[in-house]
file query-v1.txt (compact mmCIF, C-alpha atoms)
# COMPACT_ATOMS: atom_id res chain seq x y z
CA MET A 1 121.21 73.06 83.40
CA GLN A 2 118.70 73.91 80.67
CA PRO A 3 115.73 76.15 81.58
CA ARG A 4 112.34 74.51 81.97
CA ILE A 5 110.19 75.57 78.98
CA SER A 6 106.54 74.88 78.28
CA THR A 7 104.54 76.21 75.34
CA LEU A 8 100.82 77.03 75.37
CA MET A 9 99.54 77.63 71.85
CA ALA A 10 96.63 80.02 71.46
CA ASP A 11 94.54 81.61 68.74
CA PHE A 12 94.21 85.11 70.13
CA GLY A 13 92.45 86.73 67.22
CA THR A 14 88.87 85.90 68.15
CA ALA A 15 86.50 88.45 69.65
CA GLU A 16 86.15 86.77 73.03
CA ASN A 17 89.89 87.04 73.64
CA VAL A 18 90.36 90.79 73.12
CA PRO A 19 89.19 93.74 75.24
CA ASN A 20 85.68 95.07 74.80
CA GLY A 21 85.39 97.53 71.96
CA ALA A 22 88.62 96.50 70.22
CA ARG A 23 88.55 95.83 66.48
CA VAL A 24 90.14 92.57 65.37
CA ARG A 25 91.78 91.62 62.10
CA ALA A 26 89.83 89.67 59.50
CA ARG A 27 92.44 86.89 59.75
CA PRO A 28 93.13 85.66 63.31
CA LEU A 29 96.54 86.26 64.86
CA GLU A 30 97.91 82.90 65.90
CA PHE A 31 100.61 82.83 68.53
CA GLY A 32 101.45 81.09 71.77
CA LEU A 33 102.43 81.76 75.33
CA ARG A 34 105.81 80.22 76.10
CA VAL A 35 106.67 79.94 79.80
CA THR A 36 110.31 79.59 80.84
CA THR A 37 111.66 79.12 84.37
CA LEU A 38 115.24 80.26 84.95
CA ALA A 39 116.89 78.49 87.86
CA ALA A 40 119.13 80.25 90.39
CA GLY A 41 122.27 81.61 88.73
CA GLU A 42 121.15 80.68 85.20
CA ARG A 43 121.88 82.84 82.15
CA PHE A 44 119.65 82.85 79.08
CA GLU A 45 119.18 84.74 75.80
CA ALA A 46 115.47 85.34 75.10
CA SER A 47 115.92 85.69 71.35
CA ARG A 48 116.97 82.04 71.17
CA LEU A 49 113.38 80.98 71.76
CA LEU A 50 112.09 82.94 68.77
CA ALA A 51 114.96 81.81 66.57
CA SER A 52 114.13 78.17 67.28
CA SER A 53 110.44 78.49 66.44
CA ARG A 54 108.38 79.58 63.45
CA GLU A 55 105.52 80.78 65.62
CA GLN A 56 105.31 84.12 67.37
CA HIS A 57 105.22 83.92 71.14
CA VAL A 58 104.68 85.89 74.26
CA MET A 59 107.63 84.70 76.31
CA LEU A 60 106.98 84.67 80.06
CA PHE A 61 110.13 84.25 82.16
CA HIS A 62 110.06 83.39 85.85
CA CYS A 63 113.58 84.41 86.88
CA GLY A 64 115.17 82.90 89.97
CA PRO A 65 117.80 84.37 92.32
CA GLY A 66 121.04 85.38 90.62
CA SER A 67 119.72 84.70 87.10
CA LEU A 68 120.49 86.87 84.07
CA LEU A 69 118.17 87.33 81.07
CA SER A 70 119.44 88.98 77.88
CA VAL A 71 116.95 90.33 75.32
CA GLY A 72 118.00 91.47 71.85
CA GLY A 73 116.64 94.41 69.90
CA GLY A 74 113.24 94.08 68.25
CA LEU A 75 111.56 92.66 71.37
CA CYS A 76 109.64 94.67 73.96
CA GLY A 77 109.77 93.50 77.56
CA LEU A 78 107.53 94.10 80.54
CA LEU A 79 109.74 93.55 83.61
CA SER A 80 109.02 93.57 87.33
CA PRO A 81 110.59 92.27 90.57
CA LEU A 82 108.52 89.77 92.53
CA ARG A 83 110.86 89.72 95.50
CA GLY A 84 113.72 92.07 96.25
CA LYS A 85 115.02 94.49 93.63
CA LEU A 86 115.76 94.08 89.94
CA SER A 87 118.60 95.56 87.88
CA VAL A 88 117.95 96.41 84.22
CA CYS A 89 120.73 97.59 81.87
CA ASP A 90 119.15 99.24 78.84
CA GLY A 91 121.28 100.84 76.13
CA GLY A 92 123.86 102.30 78.51
CA SER A 93 121.36 103.23 81.23
CA GLN A 94 120.96 101.16 84.37
CA VAL A 95 117.87 101.24 86.53
CA LEU A 96 117.25 99.49 89.83
CA LEU A 97 113.59 98.54 90.02
CA GLN A 98 111.92 98.57 93.41
CA ASP A 99 108.97 96.49 94.56
CA LYS A 100 105.64 97.18 92.80
CA VAL A 101 107.30 98.81 89.77
CA VAL A 102 106.93 97.65 86.15
CA TYR A 103 109.49 98.64 83.53
CA VAL A 104 108.54 98.60 79.84
CA SER A 105 111.61 98.45 77.62
CA ASP A 106 112.22 100.18 74.30
CA THR A 107 111.86 97.80 71.35
CA ASN A 108 114.87 99.31 69.55
CA ARG A 109 117.31 98.70 72.41
CA PRO A 110 118.76 95.42 73.73
CA TYR A 111 118.78 95.02 77.48
CA GLU A 112 119.76 92.70 80.32
CA LEU A 113 117.74 91.79 83.37
CA ALA A 114 119.80 90.79 86.42
CA VAL A 115 118.10 89.31 89.50
CA PRO A 116 120.13 89.69 92.71
CA HIS A 117 120.64 86.76 95.06
CA GLY A 118 117.56 86.34 97.21
CA GLY A 119 115.34 88.00 94.60
CA ARG A 120 112.85 86.85 91.97
CA ALA A 121 111.42 88.57 88.91
CA ILE A 122 108.96 88.20 86.06
CA ALA A 123 109.55 89.23 82.44
CA LEU A 124 107.02 89.18 79.60
CA VAL A 125 108.77 89.56 76.24
CA ALA A 126 107.32 89.76 72.71
CA ALA A 127 107.57 91.60 69.42
CA GLN A 128 105.33 94.63 68.94
CA ALA A 129 103.25 92.64 66.42
CA VAL A 130 102.38 90.16 69.17
CA TRP A 131 101.57 92.93 71.66
CA LEU A 132 99.28 94.30 68.96
CA GLY A 133 97.39 91.03 68.97
CA ILE A 134 97.19 90.98 72.76
CA LEU A 135 95.88 94.52 72.99
CA GLY A 136 93.44 94.12 70.08
CA ASP A 137 93.72 95.64 66.61
CA THR A 138 92.75 99.31 66.77
CA GLY A 139 93.10 99.73 63.04
CA LEU A 140 96.89 99.95 63.23
CA SER A 141 98.59 97.42 60.94
CA GLY A 142 102.00 97.79 62.58
CA GLY A 143 104.21 100.02 64.66
CA THR A 144 104.37 100.55 68.41
CA VAL A 145 101.52 99.69 70.76
CA LEU A 146 103.50 99.12 73.98
CA PHE A 147 105.49 102.22 74.90
CA PRO A 148 108.67 102.42 77.02
CA ALA A 149 108.02 103.68 80.55
CA VAL A 150 108.44 103.08 84.28
CA HIS A 151 105.09 102.38 86.00
CA ASP A 152 104.37 102.33 89.73
CA VAL A 153 101.60 99.71 89.80
CA GLY A 154 101.13 99.47 93.56
CA THR A 155 99.81 96.42 95.37
CA PRO A 156 96.90 95.71 92.92
CA GLY A 157 99.23 95.67 89.93
CA ARG A 158 101.70 93.39 91.66
CA ARG A 159 98.89 90.98 92.58
CA ALA A 160 97.73 90.95 88.95
CA LEU A 161 101.22 90.01 87.75
CA VAL A 162 101.58 87.30 90.37
CA ALA A 163 98.17 85.88 89.41
CA CYS A 164 99.21 85.77 85.75
CA LEU A 165 102.43 83.97 86.66
CA ARG A 166 100.65 81.41 88.86
CA GLU A 167 98.09 80.66 86.16
CA SER A 168 100.86 80.21 83.58
CA LEU A 169 102.76 77.78 85.81
CA GLY A 170 99.66 75.87 86.95
CA ARG A 171 98.78 72.34 85.87
CA ASP A 172 95.70 73.48 83.93
CA ALA A 173 97.53 76.30 82.15
CA ALA A 174 97.02 74.79 78.70
CA ALA A 175 93.24 74.78 79.19
CA ARG A 176 93.31 78.39 80.42
CA LYS A 177 95.59 79.89 77.75
CA ALA A 178 92.95 82.30 76.43
CA GLN A 179 92.09 83.52 79.94
CA ILE A 180 95.77 84.05 80.75
CA LEU A 181 96.30 86.18 77.64
CA SER A 182 93.06 88.07 78.30
CA ARG A 183 94.22 88.85 81.85
CA LEU A 184 97.54 90.05 80.44
CA SER A 185 95.71 92.25 77.93
CA ALA A 186 93.69 93.91 80.69
CA PHE A 187 96.85 94.51 82.74
CA VAL A 188 98.70 96.21 79.87
CA HIS A 189 95.67 98.33 78.99
CA GLY A 190 95.61 99.47 82.61
CA LEU A 191 99.30 100.43 82.47
CA GLN A 192 98.80 102.63 79.43
CA ARG A 193 95.49 104.17 80.43
CA GLY A 194 95.73 107.87 79.64
CA TYR A 195 98.12 107.54 76.71
CA ASP A 196 95.30 107.91 74.19
CA ASP A 197 94.82 111.60 75.01
CA TYR A 198 98.54 112.28 74.56
CA ILE A 199 98.61 110.41 71.24
CA GLU A 200 95.66 112.42 69.93
CA ARG A 201 97.58 115.64 70.60
CA CYS A 202 100.56 114.44 68.57
CA PRO A 203 101.00 115.57 64.95
CA GLY A 204 100.15 113.22 62.08
CA ARG A 205 97.21 112.43 59.84
CA THR A 206 97.21 108.75 60.69
CA LEU A 207 97.18 106.91 64.00
CA ALA A 208 100.49 105.25 63.12
CA ARG A 209 102.20 108.63 62.67
CA ARG A 210 100.75 110.00 65.90
CA ARG A 211 101.91 106.90 67.76
CA ASN A 212 105.39 107.32 66.30
CA ALA A 213 105.54 110.95 67.46
CA PHE A 214 104.40 109.93 70.95
CA LEU A 215 107.01 107.15 71.04
CA ARG A 216 109.76 109.71 70.38
CA LEU A 217 108.51 111.96 73.19
CA GLN A 218 108.06 108.99 75.52
CA ARG A 219 111.71 108.01 75.02
CA ALA A 220 112.68 111.45 76.34
CA ARG A 221 110.37 111.06 79.36
CA LEU A 222 111.84 107.61 80.06
CA HIS A 223 115.35 109.10 79.94
CA ILE A 224 114.28 111.54 82.66
CA ALA A 225 112.89 108.71 84.78
CA LEU A 226 116.11 106.68 84.46
CA ASN A 227 118.55 109.57 84.90
CA ASN A 228 116.80 112.19 87.04
CA GLY A 229 119.72 112.15 89.51
CA LYS A 230 122.13 113.25 86.78
CA HIS A 231 122.53 116.52 84.90
CA ILE A 232 120.01 116.59 82.04
CA ASP A 233 119.68 119.41 79.53
CA VAL A 234 116.89 119.97 77.04
CA SER A 235 119.20 119.53 74.06
CA THR A 236 119.98 115.96 75.20
CA LEU A 237 116.26 115.17 75.48
CA ALA A 238 115.61 116.67 72.03
CA ASN A 239 118.36 114.50 70.57
CA ILE A 240 116.87 111.37 72.18
CA ALA A 241 113.48 112.23 70.66
CA ASN A 242 115.15 113.01 67.31
CA TYR A 243 113.74 116.53 67.08
CA SER A 244 115.40 119.93 66.86
CA MET A 245 115.36 121.62 70.26
CA TRP A 246 112.75 124.17 69.10
CA GLN A 247 110.48 121.44 67.70
CA PHE A 248 110.92 119.31 70.81
CA ILE A 249 110.00 122.04 73.30
CA LYS A 250 106.97 123.11 71.25
CA LEU A 251 105.67 119.55 70.76
CA PHE A 252 106.39 118.44 74.33
CA ARG A 253 104.36 121.34 75.70
CA ARG A 254 101.56 120.71 73.20
CA VAL A 255 101.25 117.04 74.21
CA PHE A 256 101.96 117.09 77.95
CA GLY A 257 100.91 120.65 78.87
CA VAL A 258 104.29 121.63 80.38
CA THR A 259 107.76 122.40 79.07
CA PRO A 260 110.43 119.69 79.26
CA TYR A 261 112.24 121.64 82.00
CA ALA A 262 109.06 121.96 84.08
CA PHE A 263 108.36 118.24 83.64
CA LEU A 264 111.90 117.38 84.81
CA SER A 265 111.57 119.67 87.83
CA ASN A 266 108.17 118.22 88.78
CA TYR A 267 109.50 114.68 88.39
CA ARG A 268 112.41 115.44 90.71
CA VAL A 269 109.99 116.86 93.28
CA ASP A 270 107.94 113.65 93.14
CA VAL A 271 111.11 111.57 93.62
CA ALA A 272 112.15 113.77 96.56
CA LYS A 273 108.73 113.44 98.21
CA SER A 274 108.98 109.65 98.10
CA LEU A 275 112.55 109.70 99.44
CA LEU A 276 111.57 111.97 102.33
CA ALA A 277 109.50 109.11 103.71
CA SER A 278 112.77 107.36 104.64
CA GLU A 279 114.43 108.32 107.92
CA ASN A 280 117.72 106.87 106.68
CA LEU A 281 118.37 109.78 104.30
CA SER A 282 119.19 113.34 105.33
CA VAL A 283 117.48 116.22 103.54
CA ALA A 284 120.78 116.96 101.78
CA ASP A 285 120.98 113.33 100.58
CA VAL A 286 117.40 113.49 99.29
CA ALA A 287 118.23 116.65 97.33
CA ALA A 288 121.26 114.99 95.74
CA PHE A 289 119.51 111.69 94.92
CA ALA A 290 116.54 113.53 93.39
CA GLY A 291 118.89 115.40 91.05
CA PHE A 292 118.91 118.94 92.42
CA ALA A 293 122.13 120.91 91.87
CA SER A 294 122.22 122.25 95.43
CA ARG A 295 120.28 122.12 98.68
CA SER A 296 119.21 125.76 98.23
CA ALA A 297 117.77 124.98 94.77
CA PHE A 298 116.01 121.99 96.29
CA ALA A 299 114.52 124.11 99.08
CA ARG A 300 113.25 126.78 96.68
CA THR A 301 111.68 124.26 94.31
CA MET A 302 110.01 122.26 97.08
CA LYS A 303 108.55 125.40 98.68
CA LYS A 304 107.33 126.74 95.33
CA THR A 305 105.85 123.42 94.16
CA THR A 306 104.38 121.98 97.35
CA GLY A 307 103.97 125.05 99.56
CA ASN A 308 105.98 123.32 102.31
CA THR A 309 109.60 122.85 103.24
CA ALA A 310 111.24 119.46 102.84
CA THR A 311 111.46 119.10 106.60
CA ALA A 312 107.75 119.79 107.01
CA LEU A 313 106.93 117.21 104.35
CA ARG A 314 109.11 114.63 106.08
CA VAL A 315 107.38 115.22 109.42
CA ALA A 316 103.97 114.88 107.72
CA ASN A 317 105.06 111.61 106.04
CA LEU A 318 106.34 110.13 109.27
CA ARG A 319 103.10 111.06 111.03
CA GLY A 320 101.09 109.55 108.21
CA GLY A 321 99.64 112.93 107.22
call {"tool": "encode", "arguments": {"input": "query-v1.txt", "output": "structure tokens"}}
result
Amino acid sequence: MQPRISTLMADFGTAENVPNGARVRARPLEFGLRVTTLAAGERFEASRLLASSREQHVMLFHCGPGSLLSVGGGLCGLLSPLRGKLSVCDGGSQVLLQDKVVYVSDTNRPYELAVPHGGRAIALVAAQAVWLGILGDTGLSGGTVLFPAVHDVGTPGRRALVACLRESLGRDAAARKAQILSRLSAFVHGLQRGYDDYIERCPGRTLARRRNAFLRLQRARLHIALNNGKHIDVSTLANIANYSMWQFIKLFRRVFGVTPYAFLSNYRVDVAKSLLASENLSVADVAAFAGFASRSAFARTMKKTTGNTATALRVANLRGG
């Protein structure tokens, strides 16, 4: 069965369609919003939609239970489960997305989105040039504007995604195309709020060069988020960011205010704190899943970082404290 596809064309280069304060190009960016519904068990290759059209699109996929969406390199996806969990295979890494989490893929890496039976998901896929139009031209003629990351959006973010999906699938969607894209723009700006300060601390005389430096560092941070339960050394992170280890440590600390090792340790503590809220996992299991080499190392780090033992934190979580 072929997926149900509808196309909403939009001129998104006019001032009323971009965020307040954004600078727009002299010539409008013309592209459309293409909505595709994948039925249960259906498989689809996202790049086919671009190959069959001369226009540039934001491709919105509503993925049903058991469906599989493949996305080739050169396209950046914004992926989130709507019901149940969501499995994303990205360049050799596999991440299982929980409820209220949004995953932003790396443009340079192909990936697959697999929806388990009983689940549903949403995927918004486009080239960086189209994301540039959605977010408003900030004087950057090309390059990356949507950076790879894992975002915990909470209930408000999930509601915003669901609202965007409902508007796109509604009967009056064609008449509301500009509002839909404007809502999407606001959502993405909210995801990346705070990145501007990091980008300003990156080296480079131009905004494009500073964005490129931040992208390289962000790839290392994403690797930590996807693999925190595994052994990670700084040399691996430096290689992912394409810096020498000395350059990587120096630049990472300059931009984020901590060393890569301290960032990894703090991230594992945050993961452990969230896992401690579950009564189904023992403290030893939490230590292992969070990526600590031993329970003793876990205990020392938790005490040093939070001022409490893991057991005390669990009791506080269960009491709602």
call {"tool": "atom_distance", "arguments": {"input": "query-v1.txt", "atom1": "CA of Arg201 (chain A)", "atom2": "CA of Gly157 (chain A)"}}
result
27.8 Å
call {"tool": "atom_distance", "arguments": {"input": "query-v1.txt", "atom1": "CA of Leu97 (chain A)", "atom2": "CA of Thr306 (chain A)"}}
result
26.2 Å
call {"tool": "residues_around", "arguments": {"input": "query-v1.txt", "residues": "Ala114 (chain A)", "least_positions_apart": "4", "cutoff": "10 Å", "atoms": "all atoms listed in the file", "output": "PDB file with C-alpha atoms, in the frame of the given file"}}
result
ATOM      1  CA  GLY A  41     122.270  81.610  88.730  1.00  0.00           C
ATOM      2  CA  ARG A  43     121.880  82.840  82.150  1.00  0.00           C
ATOM      3  CA  CYS A  63     113.580  84.410  86.880  1.00  0.00           C
ATOM      4  CA  GLY A  64     115.170  82.900  89.970  1.00  0.00           C
ATOM      5  CA  PRO A  65     117.800  84.370  92.320  1.00  0.00           C
ATOM      6  CA  GLY A  66     121.040  85.380  90.620  1.00  0.00           C
ATOM      7  CA  SER A  67     119.720  84.700  87.100  1.00  0.00           C
ATOM      8  CA  LEU A  68     120.490  86.870  84.070  1.00  0.00           C
ATOM      9  CA  LEU A  69     118.170  87.330  81.070  1.00  0.00           C
ATOM     10  CA  SER A  70     119.440  88.980  77.880  1.00  0.00           C
ATOM     11  CA  LYS A  85     115.020  94.490  93.630  1.00  0.00           C
ATOM     12  CA  LEU A  86     115.760  94.080  89.940  1.00  0.00           C
ATOM     13  CA  SER A  87     118.600  95.560  87.880  1.00  0.00           C
ATOM     14  CA  VAL A  88     117.950  96.410  84.220  1.00  0.00           C
ATOM     15  CA  CYS A  89     120.730  97.590  81.870  1.00  0.00           C
ATOM     16  CA  LEU A  96     117.250  99.490  89.830  1.00  0.00           C
ATOM     17  CA  GLY A 119     115.340  88.000  94.600  1.00  0.00           C
ATOM     18  CA  ARG A 120     112.850  86.850  91.970  1.00  0.00           C
ATOM     19  CA  ALA A 121     111.420  88.570  88.910  1.00  0.00           C
TER      20      ALA A 121
END
call {"tool": "closest_residue", "arguments": {"input": "query-v1.txt", "among": "A:Leu215, A:Ile199, A:Leu135, A:Leu165", "to": "Val35 (chain A)", "atoms": "all atoms listed in the file"}}
result
A:Leu165
call {"tool": "residues_near_point", "arguments": {"input": "query-v1.txt", "point": "(99.1, 80.5, 83.6)", "cutoff": "10 Å", "atoms": "all atoms listed in the file", "output": "list in words"}}
result
Leu8, Leu33, Val35, Leu60, Val162, Ala163, Cys164, Leu165, Arg166, Glu167, Ser168, Leu169, Gly170, Arg171, Asp172, Ala173, Ala174, Ala175, Arg176, Lys177, Ala178, Gln179, Ile180, Leu181 and Arg183 of chain A
call {"tool": "closest_atom_pairs", "arguments": {"input": "query-v1.txt", "of": "region 159-205 of chain A", "to": "region 236-258 of chain A", "cutoff": "9 Å", "atoms": "only C-alpha atoms", "output": "tab-separated table"}}
result
residue	atom	partner	partner_atom	distance
A:Asp197	CA	A:Val255	CA	8.5
A:Tyr198	CA	A:Val255	CA	5.5
A:Ile199	CA	A:Val255	CA	7.7
A:Glu200	CA	A:Val255	CA	8.4
A:Arg201	CA	A:Val255	CA	5.3
A:Cys202	CA	A:Val255	CA	6.2
A:Pro203	CA	A:Leu251	CA	8.5
call {"tool": "atom_distance", "arguments": {"input": "query-v1.txt", "atom1": "CA of Phe263 (chain A)", "atom2": "CA of Ile232 (chain A)"}}
result
11.9 Å
call {"tool": "residues_around", "arguments": {"input": "query-v1.txt", "residues": "Lys230 (chain A)", "least_positions_apart": "3", "cutoff": "12 Å", "atoms": "all atoms listed in the file", "output": "PyMOL selection string"}}
result
chain A and resi 93+223-227+233+264+268+287-293
call {"tool": "residues_around", "arguments": {"input": "query-v1.txt", "residues": "Ser278 (chain A)", "least_positions_apart": "6", "cutoff": "12 Å", "atoms": "all atoms listed in the file", "output": "compact mmCIF listing (two decimals) with C-alpha atoms, in the coordinates of the input"}}
result
# COMPACT_ATOMS: atom_id res chain seq x y z
CA VAL A 271 111.11 111.57 93.62
CA ALA A 272 112.15 113.77 96.56
CA ASP A 285 120.98 113.33 100.58
CA VAL A 286 117.40 113.49 99.29
CA THR A 311 111.46 119.10 106.60
CA LEU A 313 106.93 117.21 104.35
CA ARG A 314 109.11 114.63 106.08
CA VAL A 315 107.38 115.22 109.42
CA ALA A 316 103.97 114.88 107.72
CA ASN A 317 105.06 111.61 106.04
CA LEU A 318 106.34 110.13 109.27
call {"tool": "axis_aligned_box", "arguments": {"input": "query-v1.txt", "around": "region 123-137 of chain A", "padding_each_side": "8 Å", "output": "JSON"}}
result
{"center_x": 101.5, "center_y": 92.4, "center_z": 74.4, "size_x": 32.1, "size_y": 22.5, "size_z": 32.0}
call {"tool": "closest_residue", "arguments": {"input": "query-v1.txt", "among": "A:Tyr195, A:Val125, A:Ser182, A:Leu222", "to": "Val95 (chain A)", "atoms": "only C-alpha atoms"}}
result
A:Leu222
call {"tool": "closest_residue", "arguments": {"input": "query-v1.txt", "among": "A:Glu45, A:Ala39, A:Tyr261, A:Gly118", "to": "His231 (chain A)", "atoms": "only C-alpha atoms"}}
result
A:Tyr261
call {"tool": "residues_around", "arguments": {"input": "query-v1.txt", "residues": "Pro156 (chain A)", "least_positions_apart": "6", "cutoff": "12 Å", "atoms": "all atoms listed in the file", "output": "list in words"}}
result
Lys100, Val101, Val162, Ala163, Phe187, Gly190 and Leu191 of chain A
call {"tool": "residues_around", "arguments": {"input": "query-v1.txt", "residues": "Asp106 (chain A)", "least_positions_apart": "4", "cutoff": "10 Å", "atoms": "all atoms listed in the file", "output": "tab-separated table (two decimals) with C-alpha atoms, in the coordinates of the input"}}
result
chain	number	residue	atom	x	y	z
A	73	GLY	CA	116.64	94.41	69.90
A	74	GLY	CA	113.24	94.08	68.25
A	75	LEU	CA	111.56	92.66	71.37
A	76	CYS	CA	109.64	94.67	73.96
A	77	GLY	CA	109.77	93.50	77.56
A	78	LEU	CA	107.53	94.10	80.54
A	90	ASP	CA	119.15	99.24	78.84
A	91	GLY	CA	121.28	100.84	76.13
A	110	PRO	CA	118.76	95.42	73.73
A	111	TYR	CA	118.78	95.02	77.48
A	144	THR	CA	104.37	100.55	68.41
A	146	LEU	CA	103.50	99.12	73.98
A	147	PHE	CA	105.49	102.22	74.90
A	148	PRO	CA	108.67	102.42	77.02
A	149	ALA	CA	108.02	103.68	80.55
A	215	LEU	CA	107.01	107.15	71.04
A	218	GLN	CA	108.06	108.99	75.52
A	219	ARG	CA	111.71	108.01	75.02
A	222	LEU	CA	111.84	107.61	80.06
call {"tool": "decode", "arguments": {"input": "query-v1.txt", "residues": "region 202-247 of chain A", "atoms": "C-alpha atoms", "output": "PDB file, in the first residue's frame"}}
result
ATOM      1  CA  CYS A 202      33.630  29.218  19.333  1.00  0.00           C
ATOM      2  CA  PRO A 203      36.630  30.293  17.227  1.00  0.00           C
ATOM      3  CA  GLY A 204      36.107  31.878  13.813  1.00  0.00           C
ATOM      4  CA  ARG A 205      35.790  35.342  12.310  1.00  0.00           C
ATOM      5  CA  THR A 206      32.469  34.608  10.660  1.00  0.00           C
ATOM      6  CA  LEU A 207      29.221  33.187  12.003  1.00  0.00           C
ATOM      7  CA  ALA A 208      29.469  30.285   9.556  1.00  0.00           C
ATOM      8  CA  ARG A 209      32.875  29.256  10.931  1.00  0.00           C
ATOM      9  CA  ARG A 210      31.713  29.532  14.536  1.00  0.00           C
ATOM     10  CA  ARG A 211      28.656  27.428  13.736  1.00  0.00           C
ATOM     11  CA  ASN A 212      30.879  24.816  12.108  1.00  0.00           C
ATOM     12  CA  ALA A 213      33.108  24.654  15.204  1.00  0.00           C
ATOM     13  CA  PHE A 214      30.047  24.285  17.437  1.00  0.00           C
ATOM     14  CA  LEU A 215      28.677  21.527  15.185  1.00  0.00           C
ATOM     15  CA  ARG A 216      31.892  19.537  15.653  1.00  0.00           C
ATOM     16  CA  LEU A 217      31.698  19.888  19.439  1.00  0.00           C
ATOM     17  CA  GLN A 218      27.980  19.094  19.440  1.00  0.00           C
ATOM     18  CA  ARG A 219      28.655  15.819  17.628  1.00  0.00           C
ATOM     19  CA  ALA A 220      30.900  14.818  20.532  1.00  0.00           C
ATOM     20  CA  ARG A 221      28.224  15.768  23.077  1.00  0.00           C
ATOM     21  CA  LEU A 222      25.633  13.764  21.124  1.00  0.00           C
ATOM     22  CA  HIS A 223      27.959  10.746  21.161  1.00  0.00           C
ATOM     23  CA  ILE A 224      28.027  10.994  24.960  1.00  0.00           C
ATOM     24  CA  ALA A 225      24.230  11.161  25.098  1.00  0.00           C
ATOM     25  CA  LEU A 226      23.855   8.084  22.872  1.00  0.00           C
ATOM     26  CA  ASN A 227      26.628   6.003  24.439  1.00  0.00           C
ATOM     27  CA  ASN A 228      26.934   7.102  28.066  1.00  0.00           C
ATOM     28  CA  GLY A 229      26.470   3.489  29.227  1.00  0.00           C
ATOM     29  CA  LYS A 230      29.585   2.413  27.321  1.00  0.00           C
ATOM     30  CA  HIS A 231      33.270   3.118  27.848  1.00  0.00           C
ATOM     31  CA  ILE A 232      34.097   6.514  26.325  1.00  0.00           C
ATOM     32  CA  ASP A 233      37.550   8.079  26.275  1.00  0.00           C
ATOM     33  CA  VAL A 234      38.454  11.639  25.395  1.00  0.00           C
ATOM     34  CA  SER A 235      40.481  10.572  22.357  1.00  0.00           C
ATOM     35  CA  THR A 236      37.340   9.032  20.818  1.00  0.00           C
ATOM     36  CA  LEU A 237      35.389  12.259  21.383  1.00  0.00           C
ATOM     37  CA  ALA A 238      38.231  14.316  19.884  1.00  0.00           C
ATOM     38  CA  ASN A 239      38.223  12.080  16.815  1.00  0.00           C
ATOM     39  CA  ILE A 240      34.449  12.502  16.407  1.00  0.00           C
ATOM     40  CA  ALA A 241      34.867  16.291  16.577  1.00  0.00           C
ATOM     41  CA  ASN A 242      37.834  16.089  14.171  1.00  0.00           C
ATOM     42  CA  TYR A 243      40.245  17.874  16.513  1.00  0.00           C
ATOM     43  CA  SER A 244      43.517  16.811  18.087  1.00  0.00           C
ATOM     44  CA  MET A 245      42.957  15.766  21.690  1.00  0.00           C
ATOM     45  CA  TRP A 246      44.745  18.886  23.008  1.00  0.00           C
ATOM     46  CA  GLN A 247      42.669  21.193  20.775  1.00  0.00           C
TER      47      GLN A 247
END
